[in-house]
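Dumped model_35.pdb below, it's PDB, C-alpha atoms, pLDDT in the B column:
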MODEL        1
ATOM      1  CA  MET A 695     -17.757 201.435 204.635  1.00 58.00           C
ATOM      2  CA  SER A 696     -17.767 199.093 201.633  1.00 83.00           C
ATOM      3  CA  VAL A 697     -16.850 200.420 198.195  1.00 90.00           C
ATOM      4  CA  SER A 698     -18.933 199.165 195.283  1.00 93.00           C
ATOM      5  CA  VAL A 699     -17.648 198.639 191.769  1.00 96.00           C
ATOM      6  CA  GLN A 700     -19.900 201.478 190.643  1.00 96.00           C
ATOM      7  CA  ASP A 701     -18.468 203.813 193.297  1.00 96.00           C
ATOM      8  CA  ALA A 702     -14.910 202.881 192.327  1.00 96.00           C
ATOM      9  CA  LEU A 703     -15.587 203.440 188.624  1.00 97.00           C
ATOM     10  CA  ALA A 704     -17.189 206.786 189.379  1.00 97.00           C
ATOM     11  CA  GLN A 705     -14.073 207.866 191.291  1.00 97.00           C
ATOM     12  CA  LEU A 706     -11.816 206.734 188.464  1.00 97.00           C
ATOM     13  CA  SER A 707     -13.983 208.462 185.873  1.00 97.00           C
ATOM     14  CA  ALA A 708     -13.903 211.690 187.882  1.00 97.00           C
ATOM     15  CA  GLN A 709     -10.172 211.918 187.125  1.00 96.00           C
ATOM     16  CA  ALA A 710     -10.462 210.898 183.475  1.00 97.00           C
ATOM     17  CA  SER A 711      -8.812 212.808 180.642  1.00 96.00           C
ATOM     18  CA  ALA A 712     -10.022 212.176 177.098  1.00 96.00           C
ATOM     19  CA  GLU A 713      -6.778 213.480 175.614  1.00 96.00           C
ATOM     20  CA  THR A 714      -4.667 211.256 177.853  1.00 96.00           C
ATOM     21  CA  ALA A 715      -6.921 208.288 177.147  1.00 96.00           C
ATOM     22  CA  GLU A 716      -6.404 208.704 173.413  1.00 96.00           C
ATOM     23  CA  GLY A 717      -2.638 208.680 173.866  1.00 96.00           C
ATOM     24  CA  MET A 718      -2.800 205.626 176.128  1.00 96.00           C
ATOM     25  CA  ALA A 719      -4.865 203.669 173.613  1.00 95.00           C
ATOM     26  CA  ALA A 720      -2.329 204.460 170.894  1.00 95.00           C
ATOM     27  CA  TYR A 721       0.576 203.487 173.157  1.00 93.00           C
ATOM     28  CA  HIS A 722      -0.760 200.212 174.563  1.00 94.00           C
ATOM     29  CA  LYS A 723      -2.295 199.105 171.261  1.00 92.00           C
ATOM     30  CA  VAL A 724      -4.918 196.879 172.888  1.00 95.00           C
ATOM     31  CA  ASP A 725      -8.582 197.365 172.108  1.00 95.00           C
ATOM     32  CA  ARG A 726     -10.191 198.167 175.454  1.00 97.00           C
ATOM     33  CA  PRO A 727     -11.636 201.279 177.154  1.00 97.00           C
ATOM     34  CA  TYR A 728      -9.121 203.813 178.505  1.00 97.00           C
ATOM     35  CA  LEU A 729     -10.031 206.623 180.874  1.00 97.00           C
ATOM     36  CA  GLY A 730      -6.766 208.541 180.875  1.00 97.00           C
ATOM     37  CA  VAL A 731      -6.018 208.235 184.592  1.00 97.00           C
ATOM     38  CA  SER A 732      -2.386 208.052 185.738  1.00 96.00           C
ATOM     39  CA  VAL A 733      -0.933 205.206 187.790  1.00 97.00           C
ATOM     40  CA  PRO A 734      -0.248 207.473 190.824  1.00 97.00           C
ATOM     41  CA  GLN A 735      -3.888 208.565 190.761  1.00 97.00           C
ATOM     42  CA  ILE A 736      -5.030 204.946 190.541  1.00 97.00           C
ATOM     43  CA  THR A 737      -2.706 203.992 193.396  1.00 97.00           C
ATOM     44  CA  ASP A 738      -4.120 206.715 195.641  1.00 97.00           C
ATOM     45  CA  LEU A 739      -7.673 205.576 194.975  1.00 97.00           C
ATOM     46  CA  ALA A 740      -6.873 201.896 195.510  1.00 96.00           C
ATOM     47  CA  THR A 741      -5.092 202.696 198.765  1.00 95.00           C
ATOM     48  CA  ALA A 742      -8.180 204.516 200.015  1.00 95.00           C
ATOM     49  CA  TRP A 743     -10.472 201.660 198.978  1.00 95.00           C
ATOM     50  CA  ARG A 744      -8.247 199.142 200.725  1.00 92.00           C
ATOM     51  CA  ALA A 745      -8.365 201.195 203.906  1.00 90.00           C
ATOM     52  CA  ALA A 746     -12.146 201.439 203.657  1.00 89.00           C
ATOM     53  CA  GLU A 747     -12.623 197.710 203.088  1.00 85.00           C
ATOM     54  CA  SER A 748     -11.033 195.578 205.802  1.00 83.00           C
ATOM     55  CA  ASP A 749     -12.835 192.367 204.819  1.00 91.00           C
ATOM     56  CA  VAL A 750     -10.639 190.371 202.440  1.00 93.00           C
ATOM     57  CA  ASP A 751     -13.532 188.671 200.675  1.00 94.00           C
ATOM     58  CA  GLN A 752     -15.197 192.011 199.978  1.00 94.00           C
ATOM     59  CA  ARG A 753     -11.901 193.410 198.702  1.00 95.00           C
ATOM     60  CA  VAL A 754     -11.467 190.405 196.411  1.00 96.00           C
ATOM     61  CA  ALA A 755     -15.012 190.894 195.132  1.00 96.00           C
ATOM     62  CA  LEU A 756     -14.300 194.556 194.376  1.00 96.00           C
ATOM     63  CA  ALA A 757     -11.074 193.644 192.577  1.00 97.00           C
ATOM     64  CA  ALA A 758     -12.866 190.969 190.561  1.00 98.00           C
ATOM     65  CA  GLY A 759     -15.592 193.387 189.581  1.00 97.00           C
ATOM     66  CA  LEU A 760     -13.132 196.063 188.508  1.00 98.00           C
ATOM     67  CA  TRP A 761     -11.112 193.567 186.472  1.00 98.00           C
ATOM     68  CA  ASP A 762     -14.213 192.293 184.692  1.00 98.00           C
ATOM     69  CA  THR A 763     -15.019 195.757 183.343  1.00 98.00           C
ATOM     70  CA  ASN A 764     -11.996 195.371 181.025  1.00 98.00           C
ATOM     71  CA  ILE A 765     -11.238 199.076 181.513  1.00 98.00           C
ATOM     72  CA  HIS A 766      -7.479 199.625 181.499  1.00 98.00           C
ATOM     73  CA  GLU A 767      -7.384 201.718 184.686  1.00 98.00           C
ATOM     74  CA  ALA A 768      -9.905 199.494 186.452  1.00 98.00           C
ATOM     75  CA  ARG A 769      -7.744 196.425 185.859  1.00 98.00           C
ATOM     76  CA  ILE A 770      -4.705 198.222 187.223  1.00 98.00           C
ATOM     77  CA  ALA A 771      -6.781 199.369 190.196  1.00 98.00           C
ATOM     78  CA  ALA A 772      -7.884 195.772 190.802  1.00 98.00           C
ATOM     79  CA  ALA A 773      -4.241 194.731 191.006  1.00 98.00           C
ATOM     80  CA  LYS A 774      -3.305 197.665 193.233  1.00 97.00           C
ATOM     81  CA  LEU A 775      -6.159 196.790 195.562  1.00 96.00           C
ATOM     82  CA  LEU A 776      -4.662 193.354 196.248  1.00 96.00           C
ATOM     83  CA  THR A 777      -0.953 194.211 196.209  1.00 95.00           C
ATOM     84  CA  GLN A 778       0.002 193.680 199.852  1.00 89.00           C
ATOM     85  CA  ALA A 779       2.719 191.719 201.583  1.00 85.00           C
ATOM     86  CA  ARG A 780       0.390 190.513 204.334  1.00 89.00           C
ATOM     87  CA  ILE A 781      -3.144 189.387 203.603  1.00 90.00           C
ATOM     88  CA  ARG A 782      -4.868 186.862 205.817  1.00 88.00           C
ATOM     89  CA  PRO A 783      -6.455 184.735 204.553  1.00 93.00           C
ATOM     90  CA  ASP A 784      -4.971 185.030 201.090  1.00 95.00           C
ATOM     91  CA  GLN A 785      -6.125 181.946 199.163  1.00 97.00           C
ATOM     92  CA  ALA A 786      -8.997 183.823 197.497  1.00 97.00           C
ATOM     93  CA  VAL A 787      -6.531 186.522 196.406  1.00 97.00           C
ATOM     94  CA  TRP A 788      -4.226 183.899 194.903  1.00 98.00           C
ATOM     95  CA  GLU A 789      -7.054 182.137 193.092  1.00 98.00           C
ATOM     96  CA  LEU A 790      -8.342 185.413 191.649  1.00 98.00           C
ATOM     97  CA  PHE A 791      -4.861 186.277 190.450  1.00 98.00           C
ATOM     98  CA  LEU A 792      -4.515 182.888 188.744  1.00 98.00           C
ATOM     99  CA  SER A 793      -7.819 183.504 186.956  1.00 98.00           C
ATOM    100  CA  TRP A 794      -6.406 186.765 185.580  1.00 98.00           C
ATOM    101  CA  VAL A 795      -3.214 185.319 184.119  1.00 98.00           C
ATOM    102  CA  PRO A 796      -4.782 183.700 181.013  1.00 98.00           C
ATOM    103  CA  GLN A 797      -6.400 187.069 180.262  1.00 98.00           C
ATOM    104  CA  PHE A 798      -3.117 189.004 180.139  1.00 98.00           C
ATOM    105  CA  ASP A 799      -2.719 190.724 176.786  1.00 97.00           C
ATOM    106  CA  ALA A 800      -0.524 193.756 177.463  1.00 95.00           C
ATOM    107  CA  TRP A 801       2.609 194.363 179.507  1.00 95.00           C
ATOM    108  CA  ALA A 802       1.331 197.196 181.725  1.00 96.00           C
ATOM    109  CA  ILE A 803      -1.695 195.385 183.128  1.00 97.00           C
ATOM    110  CA  ALA A 804       0.248 192.121 183.323  1.00 97.00           C
ATOM    111  CA  ASP A 805       3.102 193.700 185.274  1.00 97.00           C
ATOM    112  CA  HIS A 806       0.812 195.384 187.790  1.00 98.00           C
ATOM    113  CA  ALA A 807      -1.160 192.172 188.252  1.00 98.00           C
ATOM    114  CA  CYS A 808       2.045 190.160 188.672  1.00 97.00           C
ATOM    115  CA  GLU A 809       2.787 192.257 191.748  1.00 97.00           C
ATOM    116  CA  VAL A 810      -0.160 190.449 193.341  1.00 97.00           C
ATOM    117  CA  GLY A 811       1.321 187.096 192.363  1.00 97.00           C
ATOM    118  CA  ARG A 812       4.762 188.082 193.660  1.00 96.00           C
ATOM    119  CA  ARG A 813       3.455 188.859 197.129  1.00 96.00           C
ATOM    120  CA  ARG A 814       1.499 185.636 197.364  1.00 96.00           C
ATOM    121  CA  ILE A 815       4.434 183.508 196.198  1.00 96.00           C
ATOM    122  CA  GLU A 816       6.736 185.203 198.681  1.00 93.00           C
ATOM    123  CA  ALA A 817       4.149 184.466 201.366  1.00 93.00           C
ATOM    124  CA  ASP A 818       4.028 180.796 200.321  1.00 94.00           C
ATOM    125  CA  PRO A 819       6.728 179.610 197.863  1.00 93.00           C
ATOM    126  CA  ARG A 820       4.928 176.269 197.535  1.00 94.00           C
ATOM    127  CA  ARG A 821       2.712 178.090 195.063  1.00 97.00           C
ATOM    128  CA  LEU A 822       5.544 177.740 192.554  1.00 96.00           C
ATOM    129  CA  ASP A 823       4.200 174.232 191.972  1.00 96.00           C
ATOM    130  CA  GLN A 824       0.973 175.769 190.693  1.00 95.00           C
ATOM    131  CA  ILE A 825       2.608 178.157 188.247  1.00 96.00           C
ATOM    132  CA  GLU A 826       5.137 175.698 186.839  1.00 97.00           C
ATOM    133  CA  ALA A 827       2.604 174.522 184.259  1.00 96.00           C
ATOM    134  CA  LEU A 828       2.489 178.069 182.894  1.00 97.00           C
ATOM    135  CA  THR A 829       6.065 177.658 181.652  1.00 97.00           C
ATOM    136  CA  GLN A 830       4.684 175.306 178.989  1.00 96.00           C
ATOM    137  CA  SER A 831       1.709 177.483 178.088  1.00 97.00           C
ATOM    138  CA  ASP A 832       0.961 178.479 174.493  1.00 96.00           C
ATOM    139  CA  HIS A 833      -0.113 181.844 175.906  1.00 97.00           C
ATOM    140  CA  MET A 834       2.986 184.035 175.777  1.00 98.00           C
ATOM    141  CA  TRP A 835       1.839 186.376 178.557  1.00 98.00           C
ATOM    142  CA  SER A 836       1.316 183.448 180.930  1.00 98.00           C
ATOM    143  CA  LYS A 837       4.840 182.173 180.247  1.00 98.00           C
ATOM    144  CA  ARG A 838       6.249 185.651 180.792  1.00 98.00           C
ATOM    145  CA  ALA A 839       4.304 186.101 184.050  1.00 98.00           C
ATOM    146  CA  VAL A 840       6.227 183.248 185.672  1.00 98.00           C
ATOM    147  CA  LEU A 841       9.492 185.177 185.427  1.00 98.00           C
ATOM    148  CA  VAL A 842       7.968 188.539 186.327  1.00 97.00           C
ATOM    149  CA  MET A 843       6.331 187.284 189.512  1.00 96.00           C
ATOM    150  CA  THR A 844       9.453 185.405 190.681  1.00 97.00           C
ATOM    151  CA  LEU A 845      11.843 188.376 190.381  1.00 96.00           C
ATOM    152  CA  PRO A 846      12.167 188.750 194.185  1.00 94.00           C
ATOM    153  CA  PHE A 847      14.191 185.537 194.237  1.00 95.00           C
ATOM    154  CA  ALA A 848      16.719 187.091 191.856  1.00 96.00           C
ATOM    155  CA  ARG A 849      17.048 190.135 194.082  1.00 95.00           C
ATOM    156  CA  LYS A 850      17.872 188.604 197.462  1.00 92.00           C
ATOM    157  CA  ASN A 851      21.226 189.698 198.866  1.00 90.00           C
ATOM    158  CA  ASN A 852      21.462 186.963 201.474  1.00 91.00           C
ATOM    159  CA  PRO A 853      19.316 184.125 200.190  1.00 94.00           C
ATOM    160  CA  LYS A 854      18.520 181.227 202.477  1.00 94.00           C
ATOM    161  CA  PRO A 855      18.967 177.669 201.188  1.00 95.00           C
ATOM    162  CA  ALA A 856      15.254 177.543 200.322  1.00 93.00           C
ATOM    163  CA  ASP A 857      15.596 180.787 198.353  1.00 94.00           C
ATOM    164  CA  LEU A 858      18.533 179.353 196.422  1.00 95.00           C
ATOM    165  CA  GLU A 859      16.471 176.284 195.552  1.00 95.00           C
ATOM    166  CA  VAL A 860      13.758 178.532 194.147  1.00 95.00           C
ATOM    167  CA  ARG A 861      16.345 180.584 192.282  1.00 96.00           C
ATOM    168  CA  GLU A 862      17.758 177.493 190.606  1.00 97.00           C
ATOM    169  CA  ARG A 863      14.288 176.269 189.750  1.00 97.00           C
ATOM    170  CA  VAL A 864      13.408 179.540 188.038  1.00 98.00           C
ATOM    171  CA  LEU A 865      16.751 179.630 186.222  1.00 98.00           C
ATOM    172  CA  GLY A 866      15.868 176.189 184.877  1.00 98.00           C
ATOM    173  CA  TRP A 867      12.688 177.639 183.434  1.00 98.00           C
ATOM    174  CA  ALA A 868      14.633 180.611 182.076  1.00 98.00           C
ATOM    175  CA  ALA A 869      17.028 178.194 180.373  1.00 98.00           C
ATOM    176  CA  ASP A 870      14.089 176.660 178.502  1.00 97.00           C
ATOM    177  CA  TYR A 871      12.844 180.139 177.606  1.00 98.00           C
ATOM    178  CA  ALA A 872      16.195 181.203 176.173  1.00 97.00           C
ATOM    179  CA  THR A 873      15.421 179.630 172.791  1.00 97.00           C
ATOM    180  CA  ASP A 874      11.944 181.191 172.559  1.00 97.00           C
ATOM    181  CA  PRO A 875      12.060 183.821 169.784  1.00 97.00           C
ATOM    182  CA  GLU A 876       9.252 185.953 171.263  1.00 97.00           C
ATOM    183  CA  TRP A 877      10.554 189.434 172.142  1.00 97.00           C
ATOM    184  CA  PHE A 878       8.712 189.673 175.459  1.00 97.00           C
ATOM    185  CA  ILE A 879      10.017 186.273 176.581  1.00 98.00           C
ATOM    186  CA  GLN A 880      13.592 187.183 175.662  1.00 98.00           C
ATOM    187  CA  LYS A 881      13.174 190.483 177.518  1.00 98.00           C
ATOM    188  CA  ALA A 882      11.850 188.707 180.618  1.00 98.00           C
ATOM    189  CA  VAL A 883      14.834 186.336 180.716  1.00 98.00           C
ATOM    190  CA  ALA A 884      17.237 189.255 180.271  1.00 98.00           C
ATOM    191  CA  TRP A 885      15.472 191.182 183.046  1.00 97.00           C
ATOM    192  CA  TRP A 886      15.690 188.223 185.459  1.00 98.00           C
ATOM    193  CA  VAL A 887      19.373 187.531 184.790  1.00 98.00           C
ATOM    194  CA  ARG A 888      20.286 191.229 184.861  1.00 97.00           C
ATOM    195  CA  ASP A 889      18.640 191.634 188.280  1.00 97.00           C
ATOM    196  CA  LEU A 890      20.364 188.466 189.485  1.00 98.00           C
ATOM    197  CA  SER A 891      23.709 189.898 188.381  1.00 97.00           C
ATOM    198  CA  LYS A 892      23.349 192.693 190.951  1.00 96.00           C
ATOM    199  CA  HIS A 893      23.223 190.156 193.782  1.00 95.00           C
ATOM    200  CA  ASP A 894      24.990 187.040 192.467  1.00 96.00           C
ATOM    201  CA  PRO A 895      27.140 188.027 189.481  1.00 96.00           C
ATOM    202  CA  ALA A 896      28.891 184.664 189.384  1.00 95.00           C
ATOM    203  CA  ARG A 897      25.614 182.772 188.960  1.00 97.00           C
ATOM    204  CA  ALA A 898      24.380 185.241 186.343  1.00 97.00           C
ATOM    205  CA  LEU A 899      27.598 184.848 184.385  1.00 97.00           C
ATOM    206  CA  ASP A 900      27.327 181.081 184.687  1.00 97.00           C
ATOM    207  CA  PHE A 901      23.861 181.274 183.134  1.00 98.00           C
ATOM    208  CA  LEU A 902      25.100 183.453 180.299  1.00 97.00           C
ATOM    209  CA  ASP A 903      27.992 181.077 179.640  1.00 97.00           C
ATOM    210  CA  GLY A 904      25.520 178.192 179.542  1.00 97.00           C
ATOM    211  CA  PRO A 905      21.898 178.339 178.339  1.00 97.00           C
ATOM    212  CA  GLY A 906      22.130 182.109 177.988  1.00 97.00           C
ATOM    213  CA  GLN A 907      24.274 181.630 174.890  1.00 97.00           C
ATOM    214  CA  THR A 908      21.091 180.865 172.955  1.00 97.00           C
ATOM    215  CA  LEU A 909      19.510 184.210 173.818  1.00 98.00           C
ATOM    216  CA  LYS A 910      19.188 186.711 171.030  1.00 98.00           C
ATOM    217  CA  SER A 911      22.190 189.026 170.961  1.00 97.00           C
ATOM    218  CA  TRP A 912      20.301 192.066 172.246  1.00 97.00           C
ATOM    219  CA  ALA A 913      18.799 190.078 175.132  1.00 98.00           C
ATOM    220  CA  ARG A 914      22.148 188.564 176.053  1.00 97.00           C
ATOM    221  CA  LYS A 915      23.691 192.036 176.055  1.00 96.00           C
ATOM    222  CA  GLU A 916      20.916 193.352 178.305  1.00 97.00           C
ATOM    223  CA  ALA A 917      21.222 190.382 180.675  1.00 97.00           C
ATOM    224  CA  GLY A 918      24.959 190.965 181.099  1.00 96.00           C
ATOM    225  CA  ARG A 919      24.870 194.736 181.058  1.00 94.00           C
ATOM    226  CA  LEU A 920      25.840 195.081 184.726  1.00 93.00           C
ATOM    227  CA  LEU A 921      28.592 192.484 184.616  1.00 92.00           C
ATOM    228  CA  SER A 922      32.111 193.817 184.158  1.00 65.00           C
ATOM    229  CA  ASP A 923      32.766 191.263 181.451  1.00 51.00           C
ATOM    230  CA  GLY A 924      29.136 190.789 180.393  1.00 43.00           C
TER
ENDMDL
END
Now, as a test, write the supplied structure out as structure tokens.
Amino acid sequence: MSVSVQDALAQLSAQASAETAEGMAAYHKVDRPYLGVSVPQITDLATAWRAAESDVDQRVALAAGLWDTNIHEARIAAAKLLTQARIRPDQAVWELFLSWVPQFDAWAIADHACEVGRRRIEADPRRLDQIEALTQSDHMWSKRAVLVMTLPFARKNNPKPADLEVRERVLGWAADYATDPEWFIQKAVAWWVRDLSKHDPARALDFLDGPGQTLKSWARKEAGRLLSDG
């Protein structure tokens, strides 16, 4: 049974809390509608919708419709709906995700949406060629998304040669980011290098001894927090 955008919104609204919504609006500080529905509640609904809609194109259409409402919870639900390791075919999912990136304007929605991008890049790392241009974007959230969606390559314990090539490519982008004064960009670099330090401390330290020296002091400290001499 297909799920319409109207049905999905009705199910989200059924769990709405005006008091929670008010707090969320104050916290996220972005002018858009908030329903006051928690992420676990959204996840449960999206999981049910995904099970009900086996056709990928229909699922993409539902996600697109939810995103276009601009409702905070609906955008997170759209991302949850498409966050899967295996989707075949997945080109429409990837293209929809790319259309979302320039619209990012807050960390919570961006991070949930980047989970979609992560899965599709892991499925086909050649897609890195398509996101490389985002590293030069004037849109801060697009630049940040590149590091967020490539985090799996920092977290591999036994990376293959191809994984190491990707890792070095992303670290090259991070090196360029290190001089960017924007807080969210500095935080993203620190996050990437900190996660790398859990799996390849020598390479993380090498980054910090090189381009990482231009990070702001708080970001450099966060990046090296898990290193014995970081």
Taking the file as shown, what set of residues would the PyMOL selection byres ((chain A and resi 696) around 8) give back, as a compact mmCIF listing (two decimals) with C-alpha atoms, keeping the file's coordinate frame?
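And here is the file that came out, selection.txt:
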# COMPACT_ATOMS: atom_id res chain seq x y z
CA MET A 695 -17.76 201.44 204.64
CA VAL A 697 -16.85 200.42 198.20
CA SER A 698 -18.93 199.16 195.28
CA ALA A 746 -12.15 201.44 203.66
CA GLU A 747 -12.62 197.71 203.09
CA GLN A 752 -15.20 192.01 199.98
Exercise. Within 12 Å of A:Gln709, counting all atoms listed in the file, which residues show up once you throw out same-chain ones fewer than 5 positions away? Write them as number ranges by chain, please.
Key: A: 702-704, 714-715, 728-736, 738-739, 767
In Å and to one decimal, atom CA of A:Val860 is distant from atom CA of A:Val842 by 14.0 Å
Separating atom CA of A:Pro905 from atom CA of A:Ala869, to the nearest tenth of an Å, is a gap of 5.3 Å
Care to translate the PyMOL selection byres ((chain A and resi 796) around 10) into actual residues of this file, as an MDAnalysis selection string? chainID A and resid 791:795 797:799 828 831 833:837 839
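Our summary of the geometry notes that atom CA of A:Glu876 is positioned 19.1 Å from atom CA of A:Glu826.
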Just want the 9 Å neighbourhood of A:His722, counted on all atoms listed in the file, with same-chain residues fewer than 2 positions away dropped. Output as an MDAnalysis selection string.
chainID A and resid 717:720 724:725 800:802
Please, can stretch 751-777 of chain A be completed to N, CA and C atoms and returned as a PDB file, keeping the file's coordinate frame?
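Result went into rebuild39.pdb, see below:
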ATOM      1  N   ASP A 751     -12.616 189.180 201.693  1.00 94.00           N
ATOM      2  CA  ASP A 751     -13.532 188.671 200.675  1.00 94.00           C
ATOM      3  C   ASP A 751     -14.204 189.811 199.918  1.00 94.00           C
ATOM      4  N   GLN A 752     -14.581 190.863 200.637  1.00 94.00           N
ATOM      5  CA  GLN A 752     -15.197 192.011 199.978  1.00 94.00           C
ATOM      6  C   GLN A 752     -14.193 192.715 199.061  1.00 94.00           C
ATOM      7  N   ARG A 753     -12.941 192.783 199.512  1.00 95.00           N
ATOM      8  CA  ARG A 753     -11.901 193.410 198.702  1.00 95.00           C
ATOM      9  C   ARG A 753     -11.644 192.589 197.434  1.00 95.00           C
ATOM     10  N   VAL A 754     -11.635 191.284 197.570  1.00 96.00           N
ATOM     11  CA  VAL A 754     -11.467 190.405 196.411  1.00 96.00           C
ATOM     12  C   VAL A 754     -12.634 190.585 195.449  1.00 96.00           C
ATOM     13  N   ALA A 755     -13.838 190.702 195.984  1.00 96.00           N
ATOM     14  CA  ALA A 755     -15.012 190.894 195.132  1.00 96.00           C
ATOM     15  C   ALA A 755     -14.922 192.212 194.368  1.00 96.00           C
ATOM     16  N   LEU A 756     -14.463 193.260 195.047  1.00 96.00           N
ATOM     17  CA  LEU A 756     -14.300 194.556 194.376  1.00 96.00           C
ATOM     18  C   LEU A 756     -13.251 194.452 193.278  1.00 96.00           C
ATOM     19  N   ALA A 757     -12.127 193.807 193.575  1.00 97.00           N
ATOM     20  CA  ALA A 757     -11.074 193.644 192.577  1.00 97.00           C
ATOM     21  C   ALA A 757     -11.578 192.845 191.378  1.00 97.00           C
ATOM     22  N   ALA A 758     -12.330 191.790 191.646  1.00 98.00           N
ATOM     23  CA  ALA A 758     -12.866 190.969 190.561  1.00 98.00           C
ATOM     24  C   ALA A 758     -13.814 191.779 189.681  1.00 98.00           C
ATOM     25  N   GLY A 759     -14.652 192.576 190.333  1.00 97.00           N
ATOM     26  CA  GLY A 759     -15.592 193.387 189.581  1.00 97.00           C
ATOM     27  C   GLY A 759     -14.905 194.437 188.730  1.00 97.00           C
ATOM     28  N   LEU A 760     -13.888 195.068 189.270  1.00 98.00           N
ATOM     29  CA  LEU A 760     -13.132 196.063 188.508  1.00 98.00           C
ATOM     30  C   LEU A 760     -12.432 195.417 187.323  1.00 98.00           C
ATOM     31  N   TRP A 761     -11.813 194.262 187.555  1.00 98.00           N
ATOM     32  CA  TRP A 761     -11.112 193.567 186.472  1.00 98.00           C
ATOM     33  C   TRP A 761     -12.066 193.225 185.341  1.00 98.00           C
ATOM     34  N   ASP A 762     -13.263 192.761 185.700  1.00 98.00           N
ATOM     35  CA  ASP A 762     -14.213 192.293 184.692  1.00 98.00           C
ATOM     36  C   ASP A 762     -14.772 193.408 183.816  1.00 98.00           C
ATOM     37  N   THR A 763     -14.572 194.657 184.207  1.00 98.00           N
ATOM     38  CA  THR A 763     -15.019 195.757 183.343  1.00 98.00           C
ATOM     39  C   THR A 763     -14.174 195.854 182.085  1.00 98.00           C
ATOM     40  N   ASN A 764     -12.967 195.313 182.123  1.00 98.00           N
ATOM     41  CA  ASN A 764     -11.996 195.371 181.025  1.00 98.00           C
ATOM     42  C   ASN A 764     -11.485 196.792 180.770  1.00 98.00           C
ATOM     43  N   ILE A 765     -11.777 197.724 181.632  1.00 98.00           N
ATOM     44  CA  ILE A 765     -11.238 199.076 181.513  1.00 98.00           C
ATOM     45  C   ILE A 765      -9.785 199.053 181.974  1.00 98.00           C
ATOM     46  N   HIS A 766      -8.907 199.648 181.196  1.00 98.00           N
ATOM     47  CA  HIS A 766      -7.479 199.625 181.499  1.00 98.00           C
ATOM     48  C   HIS A 766      -7.192 200.043 182.943  1.00 98.00           C
ATOM     49  N   GLU A 767      -7.664 201.205 183.335  1.00 98.00           N
ATOM     50  CA  GLU A 767      -7.384 201.718 184.686  1.00 98.00           C
ATOM     51  C   GLU A 767      -8.050 200.878 185.769  1.00 98.00           C
ATOM     52  N   ALA A 768      -9.220 200.323 185.464  1.00 98.00           N
ATOM     53  CA  ALA A 768      -9.905 199.494 186.452  1.00 98.00           C
ATOM     54  C   ALA A 768      -9.144 198.201 186.710  1.00 98.00           C
ATOM     55  N   ARG A 769      -8.540 197.645 185.666  1.00 98.00           N
ATOM     56  CA  ARG A 769      -7.744 196.425 185.859  1.00 98.00           C
ATOM     57  C   ARG A 769      -6.478 196.721 186.675  1.00 98.00           C
ATOM     58  N   ILE A 770      -5.865 197.859 186.412  1.00 98.00           N
ATOM     59  CA  ILE A 770      -4.705 198.222 187.223  1.00 98.00           C
ATOM     60  C   ILE A 770      -5.133 198.477 188.659  1.00 98.00           C
ATOM     61  N   ALA A 771      -6.270 199.124 188.848  1.00 98.00           N
ATOM     62  CA  ALA A 771      -6.781 199.369 190.196  1.00 98.00           C
ATOM     63  C   ALA A 771      -7.075 198.058 190.924  1.00 98.00           C
ATOM     64  N   ALA A 772      -7.612 197.078 190.203  1.00 98.00           N
ATOM     65  CA  ALA A 772      -7.884 195.772 190.802  1.00 98.00           C
ATOM     66  C   ALA A 772      -6.605 195.155 191.353  1.00 98.00           C
ATOM     67  N   ALA A 773      -5.532 195.261 190.565  1.00 98.00           N
ATOM     68  CA  ALA A 773      -4.241 194.731 191.006  1.00 98.00           C
ATOM     69  C   ALA A 773      -3.713 195.511 192.204  1.00 98.00           C
ATOM     70  N   LYS A 774      -3.778 196.834 192.133  1.00 97.00           N
ATOM     71  CA  LYS A 774      -3.305 197.665 193.233  1.00 97.00           C
ATOM     72  C   LYS A 774      -4.053 197.356 194.526  1.00 97.00           C
ATOM     73  N   LEU A 775      -5.320 197.060 194.398  1.00 96.00           N
ATOM     74  CA  LEU A 775      -6.159 196.790 195.562  1.00 96.00           C
ATOM     75  C   LEU A 775      -5.680 195.559 196.335  1.00 96.00           C
ATOM     76  N   LEU A 776      -5.068 194.620 195.623  1.00 96.00           N
ATOM     77  CA  LEU A 776      -4.662 193.354 196.248  1.00 96.00           C
ATOM     78  C   LEU A 776      -3.150 193.217 196.389  1.00 96.00           C
ATOM     79  N   THR A 777      -2.408 194.272 196.101  1.00 95.00           N
ATOM     80  CA  THR A 777      -0.953 194.211 196.209  1.00 95.00           C
ATOM     81  C   THR A 777      -0.532 194.565 197.629  1.00 95.00           C
TER      82      THR A 777
END
